[in-house]
Amino acid sequence: MKSLGRNLRSLWFLPLFAFCVAIGARDVLAQETTPDVVLTKVWEGEEPDFWATHASPDGRYVSEIDWITGDLAVIDLESGTLKRLTDKGTWLDRVEWAETSVFSPDGAQIAYTWWNEDVPGYEIRAMNIDGSNVRTILPGPGSEFYAMLQDWTEDGRLLAMLWREEDLVEIGFVDVEDGSVQVITEWDTTGRVYASSAKLSPDGRYVAFDPAPRMKPEKRDILVMAVDGGEPVPMVKGAGADRLMDWMPDGRGILFHSDRGLTEGMWMMPVAEGLPAGEPVLLKGGVPYAEPLGFARDAFLFGVTTKMPQVQTAGIDLVANRITSPPAPVEDPGLGQSMAQLWSTDGKYLAYGRRRGQTAANDELVIRSTTGEEVRVLDKPLEYVSRHLAWSADGRFLVMTGRETDAADDEGGVFRVDLETGKVEPILLDEEMHGRGPRWFTLSADGKTLFYTWRPDKEEGAEETDPYRQGPYTIVARNLKDGTEAEIGQIEGQLEMRVSPDGSMLALGTRKFETRETTLAVLPAAGGEVRELYLGTPPIGVEINSVAWTPDGDHLLFQTWNADMNASKLWKIAATGGTPVAVTGAPERLGFSGLQLSPDGTRVAFRGGDWEGEIWKIEGLPSAARVTAVTP
C-alpha cells in the first residue's frame with residue numbers, strides 16, 4: 001500500500017514531499033566527525049515516511065504513517081517497534097489516512113491531519129498519546145484545502161501550520177480549543193512559490209519559513225517574520241539548496257540543511273530579535289539530505305531514506321509462466337531514484353526517469369541500451385518525469401505527461417520530447433479539456449492515435465465528491481494527425497490503460513465506487529462495450545495497478561496487491577477472459593508497479609524494491625540544551 005499512500009499525498013505538490021535516496025548513509029554520516037558535534041543512529045527499518053513525522057519532546061517516539069492501513073502510528077525508538085494510534089480498518093473499509101503530525105510540548109497529545117472521505121477533504125484532529133480522546137480541531141473545509149502541521153506553541157494553545165487553500169499558500173495558527181484560524185502571512189500561487197517548512201521561534205514571537213519557486217530548490221531562501229506582523233526578513237539566501245530544519249532551542253539561531261560550501265551538511269544562522277546576527281556556520285558536514293523530525297531534549301533528530309524502489313528487469317517465460325532470472329536494477333541505485341520505465345519499440349533500449357536529489361527539480365530522462373550502456377540523458381525535459389511514457393513508432397520521440405519547465409502557469413498536458421534534440425512540443429494541453437488534464441494515456445503502436453481519459457469539472461452547485469471515487473471518466477481517441485477526437489467509452493474509476501499491440505483493444509484497470517473493487521477490463525479501440533475480465537477481490541488481490549499486453553496480444557499480464565497479506569502477485573490471463581494463472585518467481589513486496597514487457601516477450605521491466613530509512617540524532621550543537629517533559 002506504500003505506493004498508494006505516496007500517490008494519495010500528492011494532492012498538493014508532489015515535488016515538495018519527495019526526498020532523495022542516500023545509499024550508503026552509514027559511510028557518509030561517519031565522515032567529518034568533530035569532538036563537539038556527534039551523530040548517532042537511533043533507528044533503522046522499513047517503510048519510513050519522514051516528511052510527515054515529528055519527534056516527541058523526550059526523544060523516545062517518532063510519529064509515522066502506517067501506509068498498510070493509512071493509520072497514524074508512532075515508532076518507539078527504544079524498542080524499535082511501531083504502534084498504531086488510530087484504527088480505521090483496511091482500505092476497503094475506509095479510504096482515509098493520516099498525514100503530518102506534531103506532539104504537544106508536554107508529549108501527552110499528538111495533533112495530525114486526516115483525510116476524511118465523508119467531507120471529503122483534510123481536517124485537523126488531536127488525541128492523547130495513548131489513542132484516547134480523539135477530537136476534531138478544524139473540520140475539513142473541502143478538497144481544495146491541504147494543511148501541513150508544523151509546530152505546537154509552548155503554552156499548548158495553538159498549532160502552527162502551513163496550508164494551501166484554492167490559490168493561496170498561508171502560514172498561521174489554528175486554536176486547539178475552538179478551531180479558529182489566524183493567518184500570519186500568505187501569498188498567491190501565481191508565482192508558483194511554495195514552502196516546505198514553517199517553524200516558530202521558542203518564544204513564539206517569530207516564524208521562519210523557506211519559500212522557493214516550484215521545482216527550483218536551489219533558489220530557496222529562509223525568511224523570518226514577526227508573528228504580530230511586519231515584512232519577512234531574509235536570513236539565509238544565495239547559492240545553495242537550503243532547507244529549514246528548526247530554530248535552535250535558545251532562539252539564537254536557525255538550524256538548516258544546505259549543500260553550500262561544497263558539502264552537504266547542517267548549518268546554523270545566528271539570529272537576534274528576528275534579524276541576522278552573523279554569517280552561516282557549518283556545524284556538521286557530510287550529512288546527506290535530511291528530513292527534520294525536530295529537537296528532543298538536547299539533540300536534533302532527522303531522517304534519511306537509504307533505499308527506495310528502483311527500475312528493475314528480469315527474464316520471463318510466458319509459456320511456463322515464470323520469472324527465469326532474478327530481478328536486477330538497471331543502474332546503480334546510488335545514482336538516484338529510477339522510475340517510469342518503457343521499452344523502445346525495437347526492444348533495444350529502455351527509457352526511464354531518474355531523480356537526483358530531493359525534488360522533481362532534479363529529474364532526468366535516461367535512455368539505456370539493453371546491454372547496459374547509458375546512451376543519453378535529457379536533463380529535465382519537463383518539470384518532472386511522469387510515470388506515463390510512450391515511445392513513437394520510429395523511436396525518435398517519447399510522449400509523456402507533465403509541465404514545461406519554465407511555463408508561466410501550472411498548465412500541463414501531454415508532450416512529445418525529441419530524443420535527439422531535447423525539444424519539447426505539446427500534443428494536448430489542459431486548456432483543451434477545460435483545464436482538467438489527462439488522467440491516463442497510451443499511444444497506439446503506429447503512433448497515430450493517442451488514447452486518454454479525462455473527467456470534467458463538477459457542475460456549479462453540485463456537491464463536492466471524493467476525488468478518488470468520483471467519475472465517470474471518459475475515454476477519448478485522438479487522431480494526432482488532424483486533432484479529431486472520438487469518445488469511445490466511459491468507466492467509473494481509472495487505474496491503468498494500455499493499448500494492444502495491433503491497436504484494436506484497450507486494457508483497463510478500473511475501480512467500482514460502491515464496492516471499491518478493482519477490475520481488469522478490455523474495450524474495443526473503436527468504441528463499444530467495456531468487458532470485464534477479472535474482478536479484484538480477495539484472496540487473489542484487491543488492487544490492480546499494473547497491466548501489460550503480451551507481444552501477440554492474446555494475453556495480459558497484471559499485478560494485484562492484497563491488503564491482508566501485504567504482498568503483490570503477478571498474473572497472466574487470456575484477453576478473451578478466463579481464470580488467471582500466477583506467474584511464479586515475481587517479486588511479492590510492495591513497490592512492484594509499472595509493468596512493461598519487452599517487444600519479444602522475454603524480459604519484463606518494473607519498478608520494485610523496499611523503502612528503508614534511518615533516524616539519526618545530532619548532539620553537541622551550540623545552545624541546544626533544553627528542558628522538556630517526559631512523554632507519558
# chains A, B, ... in the order shown; residues from 1 in each chain; ligands from 1

call {"tool": "select_by_dssp", "arguments": {"residues": "range 5-217 of chain A", "states": "alpha helix (DSSP H)", "output": "ChimeraX atom specification"}}
result
/A:5-8,14-17,25-29

call {"tool": "closest_atom_pairs", "arguments": {"of": "range 591-618 of chain A", "to": "range 547-564 of chain A", "cutoff": "7 Å", "atoms": "only C-alpha atoms", "output": "tab-separated table"}}
result
residue	atom	partner	partner_atom	distance
A:Leu595	CA	A:Val547	CA	6.2
A:Gln596	CA	A:Ala548	CA	5.9
A:Leu597	CA	A:Ala548	CA	6.6
A:Pro599	CA	A:Pro551	CA	5.9
A:Asp600	CA	A:Pro551	CA	6.5
A:Gly601	CA	A:Pro551	CA	6.0

call {"tool": "write_last_selection", "arguments": {"atoms": "N, CA, C and O atoms", "output": "PDB file, in the first residue's frame"}}
result
ATOM      1  N   LEU A 595       4.435  -2.297 -14.770  1.00  0.00           N
ATOM      2  CA  LEU A 595       4.820  -3.484 -15.526  1.00  0.00           C
ATOM      3  C   LEU A 595       5.000  -3.173 -17.013  1.00  0.00           C
ATOM      4  O   LEU A 595       4.159  -2.529 -17.635  1.00  0.00           O
ATOM      5  N   GLN A 596       6.124  -3.642 -17.594  1.00  0.00           N
ATOM      6  CA  GLN A 596       6.400  -3.473 -19.014  1.00  0.00           C
ATOM      7  C   GLN A 596       7.047  -4.741 -19.559  1.00  0.00           C
ATOM      8  O   GLN A 596       8.001  -5.251 -18.961  1.00  0.00           O
ATOM      9  N   LEU A 597       6.543  -5.247 -20.682  1.00  0.00           N
ATOM     10  CA  LEU A 597       7.148  -6.406 -21.351  1.00  0.00           C
ATOM     11  C   LEU A 597       7.977  -5.936 -22.537  1.00  0.00           C
ATOM     12  O   LEU A 597       7.579  -5.020 -23.263  1.00  0.00           O
ATOM     13  N   PRO A 599       9.414  -6.129 -26.338  1.00  0.00           N
ATOM     14  CA  PRO A 599       8.672  -6.488 -27.538  1.00  0.00           C
ATOM     15  C   PRO A 599       8.744  -7.967 -27.912  1.00  0.00           C
ATOM     16  O   PRO A 599       7.802  -8.506 -28.514  1.00  0.00           O
ATOM     17  N   ASP A 600       9.846  -8.655 -27.546  1.00  0.00           N
ATOM     18  CA  ASP A 600       9.936 -10.086 -27.860  1.00  0.00           C
ATOM     19  C   ASP A 600       9.375 -10.965 -26.741  1.00  0.00           C
ATOM     20  O   ASP A 600       9.355 -12.196 -26.854  1.00  0.00           O
ATOM     21  N   GLY A 601       8.930 -10.337 -25.649  1.00  0.00           N
ATOM     22  CA  GLY A 601       8.287 -11.077 -24.575  1.00  0.00           C
ATOM     23  C   GLY A 601       9.212 -11.909 -23.711  1.00  0.00           C
ATOM     24  O   GLY A 601       8.744 -12.755 -22.950  1.00  0.00           O
TER      25      GLY A 601
END

call {"tool": "residues_around", "arguments": {"residues": "Thr401 in chain A", "least_positions_apart": "4", "cutoff": "7 Å", "atoms": "only C-alpha atoms", "output": "PyMOL selection string"}}
result
chain A and resi 386+388+413-415

call {"tool": "write_last_selection", "arguments": {"atoms": "all heavy atoms", "output": "PDB file, in the first residue's frame"}}
result
ATOM      1  N   SER A 386       7.035  11.880 -15.631  1.00  0.00           N
ATOM      2  CA  SER A 386       5.838  11.212 -15.128  1.00  0.00           C
ATOM      3  C   SER A 386       5.971   9.700 -15.268  1.00  0.00           C
ATOM      4  O   SER A 386       6.869   9.183 -15.925  1.00  0.00           O
ATOM      5  CB  SER A 386       4.598  11.685 -15.883  1.00  0.00           C
ATOM      6  OG  SER A 386       4.560  11.106 -17.178  1.00  0.00           O
ATOM      7  N   HIS A 388       3.867   8.006 -16.855  1.00  0.00           N
ATOM      8  CA  HIS A 388       3.214   7.650 -18.116  1.00  0.00           C
ATOM      9  C   HIS A 388       4.133   8.021 -19.273  1.00  0.00           C
ATOM     10  O   HIS A 388       4.364   9.193 -19.551  1.00  0.00           O
ATOM     11  CB  HIS A 388       1.877   8.374 -18.247  1.00  0.00           C
ATOM     12  CG  HIS A 388       0.965   8.155 -17.081  1.00  0.00           C
ATOM     13  ND1 HIS A 388       0.606   6.907 -16.662  1.00  0.00           N
ATOM     14  CD2 HIS A 388       0.358   9.023 -16.247  1.00  0.00           C
ATOM     15  CE1 HIS A 388      -0.189   7.008 -15.626  1.00  0.00           C
ATOM     16  NE2 HIS A 388      -0.343   8.275 -15.336  1.00  0.00           N
ATOM     17  N   GLY A 413      -0.076  18.981 -19.610  1.00  0.00           N
ATOM     18  CA  GLY A 413      -0.695  18.266 -20.709  1.00  0.00           C
ATOM     19  C   GLY A 413       0.151  17.086 -21.137  1.00  0.00           C
ATOM     20  O   GLY A 413       0.959  16.554 -20.367  1.00  0.00           O
ATOM     21  N   VAL A 414      -0.020  16.684 -22.385  1.00  0.00           N
ATOM     22  CA  VAL A 414       0.771  15.606 -22.981  1.00  0.00           C
ATOM     23  C   VAL A 414       1.751  16.241 -23.950  1.00  0.00           C
ATOM     24  O   VAL A 414       1.362  17.076 -24.778  1.00  0.00           O
ATOM     25  CB  VAL A 414      -0.138  14.592 -23.713  1.00  0.00           C
ATOM     26  CG1 VAL A 414       0.700  13.451 -24.289  1.00  0.00           C
ATOM     27  CG2 VAL A 414      -1.201  14.052 -22.766  1.00  0.00           C
ATOM     28  N   PHE A 415       3.021  15.844 -23.843  1.00  0.00           N
ATOM     29  CA  PHE A 415       4.074  16.464 -24.642  1.00  0.00           C
ATOM     30  C   PHE A 415       4.878  15.400 -25.386  1.00  0.00           C
ATOM     31  O   PHE A 415       4.980  14.253 -24.952  1.00  0.00           O
ATOM     32  CB  PHE A 415       5.014  17.276 -23.750  1.00  0.00           C
ATOM     33  CG  PHE A 415       4.367  18.449 -23.086  1.00  0.00           C
ATOM     34  CD1 PHE A 415       3.691  18.289 -21.885  1.00  0.00           C
ATOM     35  CD2 PHE A 415       4.431  19.708 -23.647  1.00  0.00           C
ATOM     36  CE1 PHE A 415       3.090  19.363 -21.253  1.00  0.00           C
ATOM     37  CE2 PHE A 415       3.827  20.794 -23.028  1.00  0.00           C
ATOM     38  CZ  PHE A 415       3.151  20.614 -21.838  1.00  0.00           C
TER      39      PHE A 415
END

call {"tool": "closest_residue", "arguments": {"among": "A:Thr86, A:Asn116, A:Thr313, A:Ser143", "to": "Arg603 in chain A", "atoms": "only C-alpha atoms"}}
result
A:Thr313

call {"tool": "select_by_dssp", "arguments": {"residues": "range 319-528 of chain A", "states": "strand (DSSP E or B)", "output": "ChimeraX atom specification"}}
result
/A:322-323,328-329,337-343,349-355,363-369,374-379,389-391,397-402,413-418,424-429,440-443,449-454,473-479,485-491,493-499,505-511,518-524

call {"tool": "atom_distance", "arguments": {"atom1": "CA of Asp446 in chain A", "atom2": "CA of Val375 in chain A"}}
result
24.1 Å

call {"tool": "atom_distance", "arguments": {"atom1": "CA of Glu78 in chain A", "atom2": "CA of Glu619 in chain A"}}
result
17.5 Å

call {"tool": "residues_around", "arguments": {"residues": "range 179-191 of chain A", "least_positions_apart": "2", "cutoff": "8 Å", "atoms": "only C-alpha atoms", "output": "count of residues only"}}
result
20

call {"tool": "atom_distance", "arguments": {"atom1": "CA of Pro580 in chain A", "atom2": "CA of Tyr534 in chain A"}}
result
8.0 Å

call {"tool": "residues_around", "arguments": {"residues": "range 337-346 of chain A", "least_positions_apart": "6", "cutoff": "7 Å", "atoms": "only C-alpha atoms", "output": "list in words"}}
result
Val21, Met308, Gln310, Val311, Tyr352, Gly353, Arg354, Arg355, Arg356, Ser386, Arg387, His388, Leu389, Trp391, Ala393, Gly395, Gly594, Gln596, Ser598, Pro599, Phe606 and Arg607 of chain A

call {"tool": "residues_around", "arguments": {"residues": "range 233-248 of chain A", "least_positions_apart": "5", "cutoff": "9 Å", "atoms": "only C-alpha atoms", "output": "ChimeraX atom specification"}}
result
/A:196-202,208-210,216-225,253-261,266,268-271,274-276,279-280,290-295,300,302,621-624

call {"tool": "residues_around", "arguments": {"residues": "Arg60 in chain A", "least_positions_apart": "4", "cutoff": "8 Å", "atoms": "only C-alpha atoms", "output": "VMD selection string"}}
result
chain A and resid 55 to 56 76 to 78 631

call {"tool": "closest_residue", "arguments": {"among": "A:Ile110, A:Ala574, A:Val62, A:Leu92", "to": "Arg511 in chain A", "atoms": "only C-alpha atoms"}}
result
A:Leu92

call {"tool": "decode", "arguments": {"residues": "range 134-147 of chain A", "atoms": "all heavy atoms", "output": "tab-separated table (two decimals), in the first residue's frame"}}
result
chain	number	residue	atom	x	y	z
A	134	VAL	N	-10.01	11.25	21.03
A	134	VAL	CA	-9.88	11.72	19.65
A	134	VAL	C	-10.91	12.82	19.41
A	134	VAL	O	-12.09	12.67	19.74
A	134	VAL	CB	-10.10	10.57	18.66
A	134	VAL	CG1	-10.00	11.09	17.22
A	134	VAL	CG2	-9.09	9.46	18.91
A	135	ARG	N	-10.47	13.94	18.85
A	135	ARG	CA	-11.37	15.05	18.60
A	135	ARG	C	-10.94	15.80	17.34
A	135	ARG	O	-9.77	15.79	16.97
A	135	ARG	CB	-11.40	16.00	19.79
A	135	ARG	CG	-10.04	16.61	20.12
A	135	ARG	CD	-9.98	17.13	21.53
A	135	ARG	NE	-8.74	17.80	21.85
A	135	ARG	CZ	-7.62	17.18	22.20
A	135	ARG	NH1	-7.59	15.85	22.24
A	135	ARG	NH2	-6.53	17.87	22.49
A	136	THR	N	-11.91	16.44	16.71
A	136	THR	CA	-11.64	17.24	15.52
A	136	THR	C	-11.45	18.69	15.92
A	136	THR	O	-12.35	19.29	16.53
A	136	THR	CB	-12.79	17.12	14.50
A	136	THR	OG1	-12.92	15.76	14.10
A	136	THR	CG2	-12.50	17.97	13.28
A	137	ILE	N	-10.29	19.25	15.61
A	137	ILE	CA	-10.00	20.64	15.93
A	137	ILE	C	-10.50	21.57	14.83
A	137	ILE	O	-11.14	22.58	15.09
A	137	ILE	CB	-8.49	20.82	16.15
A	137	ILE	CG1	-8.04	20.06	17.39
A	137	ILE	CG2	-8.12	22.30	16.25
A	137	ILE	CD1	-6.55	20.07	17.61
A	138	LEU	N	-10.19	21.22	13.59
A	138	LEU	CA	-10.62	22.02	12.44
A	138	LEU	C	-11.30	21.09	11.44
A	138	LEU	O	-10.63	20.28	10.80
A	138	LEU	CB	-9.42	22.72	11.79
A	138	LEU	CG	-9.73	23.59	10.57
A	138	LEU	CD1	-10.61	24.78	10.97
A	138	LEU	CD2	-8.44	24.09	9.92
A	139	PRO	N	-12.63	21.17	11.31
A	139	PRO	CA	-13.32	20.31	10.33
A	139	PRO	C	-12.82	20.60	8.92
A	139	PRO	O	-12.37	21.72	8.62
A	139	PRO	CB	-14.80	20.72	10.50
A	139	PRO	CG	-14.87	21.33	11.86
A	139	PRO	CD	-13.54	22.00	12.08
A	140	GLY	N	-12.90	19.61	8.05
A	140	GLY	CA	-12.41	19.76	6.70
A	140	GLY	C	-13.18	20.79	5.90
A	140	GLY	O	-14.40	20.64	5.73
A	141	PRO	N	-12.51	21.84	5.39
A	141	PRO	CA	-13.19	22.85	4.58
A	141	PRO	C	-13.56	22.36	3.18
A	141	PRO	O	-14.32	23.01	2.48
A	141	PRO	CB	-12.17	23.99	4.50
A	141	PRO	CG	-11.16	23.70	5.56
A	141	PRO	CD	-11.13	22.21	5.68
A	142	GLY	N	-12.98	21.24	2.73
A	142	GLY	CA	-13.24	20.74	1.39
A	142	GLY	C	-11.98	20.25	0.73
A	142	GLY	O	-10.88	20.37	1.27
A	143	SER	N	-12.11	19.73	-0.48
A	143	SER	CA	-10.97	19.08	-1.14
A	143	SER	C	-9.91	20.06	-1.61
A	143	SER	O	-8.80	19.66	-1.97
A	143	SER	CB	-11.46	18.25	-2.33
A	143	SER	OG	-12.08	19.08	-3.30
A	144	GLU	N	-10.20	21.38	-1.64
A	144	GLU	CA	-9.20	22.36	-2.07
A	144	GLU	C	-8.24	22.72	-0.94
A	144	GLU	O	-7.29	23.45	-1.14
A	144	GLU	CB	-9.90	23.63	-2.58
A	144	GLU	CG	-10.74	23.42	-3.82
A	144	GLU	CD	-9.92	22.96	-5.01
A	144	GLU	OE1	-8.81	23.47	-5.20
A	144	GLU	OE2	-10.39	22.07	-5.74
A	145	PHE	N	-8.51	22.21	0.27
A	145	PHE	CA	-7.71	22.56	1.44
A	145	PHE	C	-6.68	21.48	1.71
A	145	PHE	O	-7.01	20.30	1.75
A	145	PHE	CB	-8.65	22.71	2.65
A	145	PHE	CG	-7.95	22.90	3.97
A	145	PHE	CD1	-7.44	24.13	4.33
A	145	PHE	CD2	-7.82	21.84	4.86
A	145	PHE	CE1	-6.82	24.32	5.57
A	145	PHE	CE2	-7.19	22.00	6.09
A	145	PHE	CZ	-6.70	23.25	6.44
A	146	TYR	N	-5.43	21.90	1.90
A	146	TYR	CA	-4.37	20.96	2.29
A	146	TYR	C	-3.52	21.63	3.35
A	146	TYR	O	-3.08	22.77	3.18
A	146	TYR	CB	-3.49	20.55	1.11
A	146	TYR	CG	-2.46	19.54	1.54
A	146	TYR	CD1	-2.77	18.19	1.55
A	146	TYR	CD2	-1.22	19.93	2.01
A	146	TYR	CE1	-1.86	17.25	2.00
A	146	TYR	CE2	-0.30	19.00	2.46
A	146	TYR	CZ	-0.63	17.67	2.45
A	146	TYR	OH	0.27	16.75	2.91
A	147	ALA	N	-3.28	20.95	4.47
A	147	ALA	CA	-2.51	21.54	5.57
A	147	ALA	C	-1.37	20.63	5.98
A	147	ALA	O	-1.51	19.41	5.98
A	147	ALA	CB	-3.42	21.81	6.78
